[in-house]
Amino acid sequence: MKILVCISNVPDTTSKINFTNGDTEFDTNGVQFVINPNDEFGLTKAVQLKEQQGATVTVVNVGLADSEATLRKALAIGADDAIRINANPTDGMFVAKQLAEVVKQGGYDLIIAGKESLDYNGGMVPGMLSASLDYNFVNSCISLTIDGNNATAQREIDGGKETLSATLPLVVGGQKGLVEEKDLRIPNMRGIMQARSKAITVVEPTNSETATKAVKFEKPAPKSTVKLVSADNLDELVNLLHNEAKVI
């Protein structure tokens, strides 16, 4: 079985976010980039399938040269090789089309992507990718087992969970729960050393126009100060809730 894991290169959640050029571009100065958390769950699941069933695991990223450190970490975690599509991932449809070409050329049986990236939270790419390939698709996936050419998956739905069966080839939009957090792999020294010799293949993007562009970014409004009301001053509490918070 050939597994392709789609990796997004996203800012660490502790990074201070700023914008430049009239709030039209993200300021990367001083920002640490990491594997998108939803993708990391998918990568760990792929490595588990590799260990259990002898699968091969390739990671792919649509990004420029500065994303190669993230790909090296994925290789250190256990992926066999990596592909970097040399383009700026500014649009979900564009990214999906680039990934689709890699899938077609590589003949992958299972494609695992995060259900959404931590930075844009668009949640578009896995569905667009499956539609482009006409592959089966399970989104918000929290459990996955593979038996030959058959897959059993569980996904989150409103108010519960749904168990589905499908056949390969399959696209999965994974999230927390696909593996347990305690099972996430931290690269050890051996993995880091091995990653140095694993191949990262750089391919140029196919001719595909972006469908959208960012016009402007805005930060959330700063939180207002907290007003403390004495426990015995109910009149003041009611006044604030009615006239300021307007919740009663």
# chains A, B, ... in the order shown; residues from 1 in each chain; ligands from 1

call {"tool": "closest_atom_pairs", "arguments": {"of": "region 47-83 of chain A", "to": "region 111-114 of chain A", "cutoff": "12 Å", "atoms": "only C-alpha atoms", "output": "Markdown table"}}
result
| residue | atom | partner | partner_atom | distance |
| --- | --- | --- | --- | --- |
| A:Val47 | CA | A:Ile112 | CA | 11.4 |
| A:Leu49 | CA | A:Ile112 | CA | 11.8 |
| A:Thr56 | CA | A:Ile111 | CA | 11.8 |
| A:Val57 | CA | A:Ile111 | CA | 9.8 |
| A:Thr58 | CA | A:Ile111 | CA | 9.6 |
| A:Val59 | CA | A:Ile112 | CA | 9.5 |
| A:Val60 | CA | A:Ala113 | CA | 9.8 |
| A:Asn61 | CA | A:Ala113 | CA | 10.5 |

call {"tool": "closest_residue", "arguments": {"among": "A:Val202, A:Val179, A:Val125, A:Val226", "to": "Gln48 (chain A)", "atoms": "only C-alpha atoms"}}
result
A:Val179

call {"tool": "closest_residue", "arguments": {"among": "A:Thr201, A:Asn38, A:Thr163, A:Asn139", "to": "Asp81 (chain A)", "atoms": "only C-alpha atoms"}}
result
A:Thr201

call {"tool": "closest_residue", "arguments": {"among": "A:Val171, A:Lys2, A:Asn207, A:Lys45", "to": "Glu101 (chain A)", "atoms": "only C-alpha atoms"}}
result
A:Asn207

call {"tool": "atom_distance", "arguments": {"atom1": "CA of Lys97 (chain A)", "atom2": "CA of Ala166 (chain A)"}}
result
23.1 Å

call {"tool": "closest_residue", "arguments": {"among": "A:Leu184, A:Asn136, A:Ala231, A:Ala87", "to": "Thr206 (chain A)", "atoms": "only C-alpha atoms"}}
result
A:Ala87

call {"tool": "closest_residue", "arguments": {"among": "A:Val62, A:Leu71, A:Leu43, A:Ile200", "to": "Lys176 (chain A)", "atoms": "only C-alpha atoms"}}
result
A:Leu43

call {"tool": "select_by_dssp", "arguments": {"residues": "region 35-236 of chain A", "states": "helix (DSSP H, G or I)", "output": "PyMOL selection string"}}
result
chain A and resi 37-53+65-77+92-106+125-133+181-183+189-197+234-236

call {"tool": "residues_around", "arguments": {"residues": "Asp119 (chain A)", "least_positions_apart": "5", "cutoff": "12 Å", "atoms": "only C-alpha atoms", "output": "list in words"}}
result
Ser8, Asn9, Val10, Pro11, Asp12, Thr13, Ser15, Ile17, Phe26, Phe33, Val34, Ile35, Asn36, Pro37, Asn38, Pro89 and Thr90 of chain A

call {"tool": "write_last_selection", "arguments": {"atoms": "N, CA and C atoms", "output": "mmCIF file, in the first residue's frame"}}
result
data_model
loop_
_atom_site.group_PDB
_atom_site.id
_atom_site.type_symbol
_atom_site.label_atom_id
_atom_site.label_comp_id
_atom_site.auth_asym_id
_atom_site.auth_seq_id
_atom_site.Cartn_x
_atom_site.Cartn_y
_atom_site.Cartn_z
ATOM 1 N N SER A 8 0.905 20.613 5.689
ATOM 2 C CA SER A 8 0.910 22.076 5.625
ATOM 3 C C SER A 8 1.962 22.613 6.583
ATOM 4 N N ASN A 9 2.623 23.674 6.155
ATOM 5 C CA ASN A 9 3.652 24.335 6.938
ATOM 6 C C ASN A 9 3.019 25.565 7.579
ATOM 7 N N VAL A 10 2.711 25.497 8.887
ATOM 8 C CA VAL A 10 1.897 26.544 9.518
ATOM 9 C C VAL A 10 2.644 27.186 10.686
ATOM 10 N N PRO A 11 2.253 28.408 11.071
ATOM 11 C CA PRO A 11 2.895 29.047 12.230
ATOM 12 C C PRO A 11 2.582 28.302 13.517
ATOM 13 N N ASP A 12 3.560 28.230 14.389
ATOM 14 C CA ASP A 12 3.334 27.674 15.721
ATOM 15 C C ASP A 12 2.287 28.523 16.448
ATOM 16 N N THR A 13 1.461 27.852 17.242
ATOM 17 C CA THR A 13 0.364 28.563 17.914
ATOM 18 C C THR A 13 0.851 29.624 18.898
ATOM 19 N N SER A 15 3.226 31.730 18.217
ATOM 20 C CA SER A 15 3.818 32.825 17.457
ATOM 21 C C SER A 15 2.960 34.080 17.542
ATOM 22 N N ILE A 17 1.346 37.040 15.756
ATOM 23 C CA ILE A 17 0.924 37.236 14.380
ATOM 24 C C ILE A 17 0.829 38.728 14.054
ATOM 25 N N PHE A 26 0.990 38.322 5.312
ATOM 26 C CA PHE A 26 1.384 37.809 6.621
ATOM 27 C C PHE A 26 2.871 38.070 6.842
ATOM 28 N N PHE A 33 7.690 27.923 12.186
ATOM 29 C CA PHE A 33 6.728 27.121 11.446
ATOM 30 C C PHE A 33 6.839 25.649 11.838
ATOM 31 N N VAL A 34 5.701 24.963 11.827
ATOM 32 C CA VAL A 34 5.632 23.566 12.271
ATOM 33 C C VAL A 34 4.716 22.783 11.339
ATOM 34 N N ILE A 35 4.666 21.463 11.534
ATOM 35 C CA ILE A 35 3.699 20.633 10.828
ATOM 36 C C ILE A 35 2.302 20.969 11.340
ATOM 37 N N ASN A 36 1.381 21.189 10.433
ATOM 38 C CA ASN A 36 -0.006 21.445 10.831
ATOM 39 C C ASN A 36 -0.495 20.333 11.762
ATOM 40 N N PRO A 37 -1.028 20.669 12.946
ATOM 41 C CA PRO A 37 -1.408 19.633 13.919
ATOM 42 C C PRO A 37 -2.321 18.543 13.370
ATOM 43 N N ASN A 38 -3.339 18.899 12.571
ATOM 44 C CA ASN A 38 -4.203 17.873 11.987
ATOM 45 C C ASN A 38 -3.415 16.942 11.069
ATOM 46 N N PRO A 89 1.333 28.390 -1.431
ATOM 47 C CA PRO A 89 -0.014 27.840 -1.294
ATOM 48 C C PRO A 89 -1.034 28.885 -0.860
ATOM 49 N N THR A 90 -1.404 29.759 -1.776
ATOM 50 C CA THR A 90 -2.268 30.876 -1.410
ATOM 51 C C THR A 90 -3.753 30.601 -1.625
#

call {"tool": "closest_residue", "arguments": {"among": "A:Met1, A:Val102, A:Ala82, A:Ile186", "to": "Glu40 (chain A)", "atoms": "only C-alpha atoms"}}
result
A:Ile186

call {"tool": "select_by_dssp", "arguments": {"residues": "region 7-55 of chain A", "states": "strand (DSSP E or B)", "output": "PyMOL selection string"}}
result
chain A and resi 9-11+19-20+25-26+33-35

call {"tool": "atom_distance", "arguments": {"atom1": "CA of Leu168 (chain A)", "atom2": "CA of Leu110 (chain A)"}}
result
6.7 Å
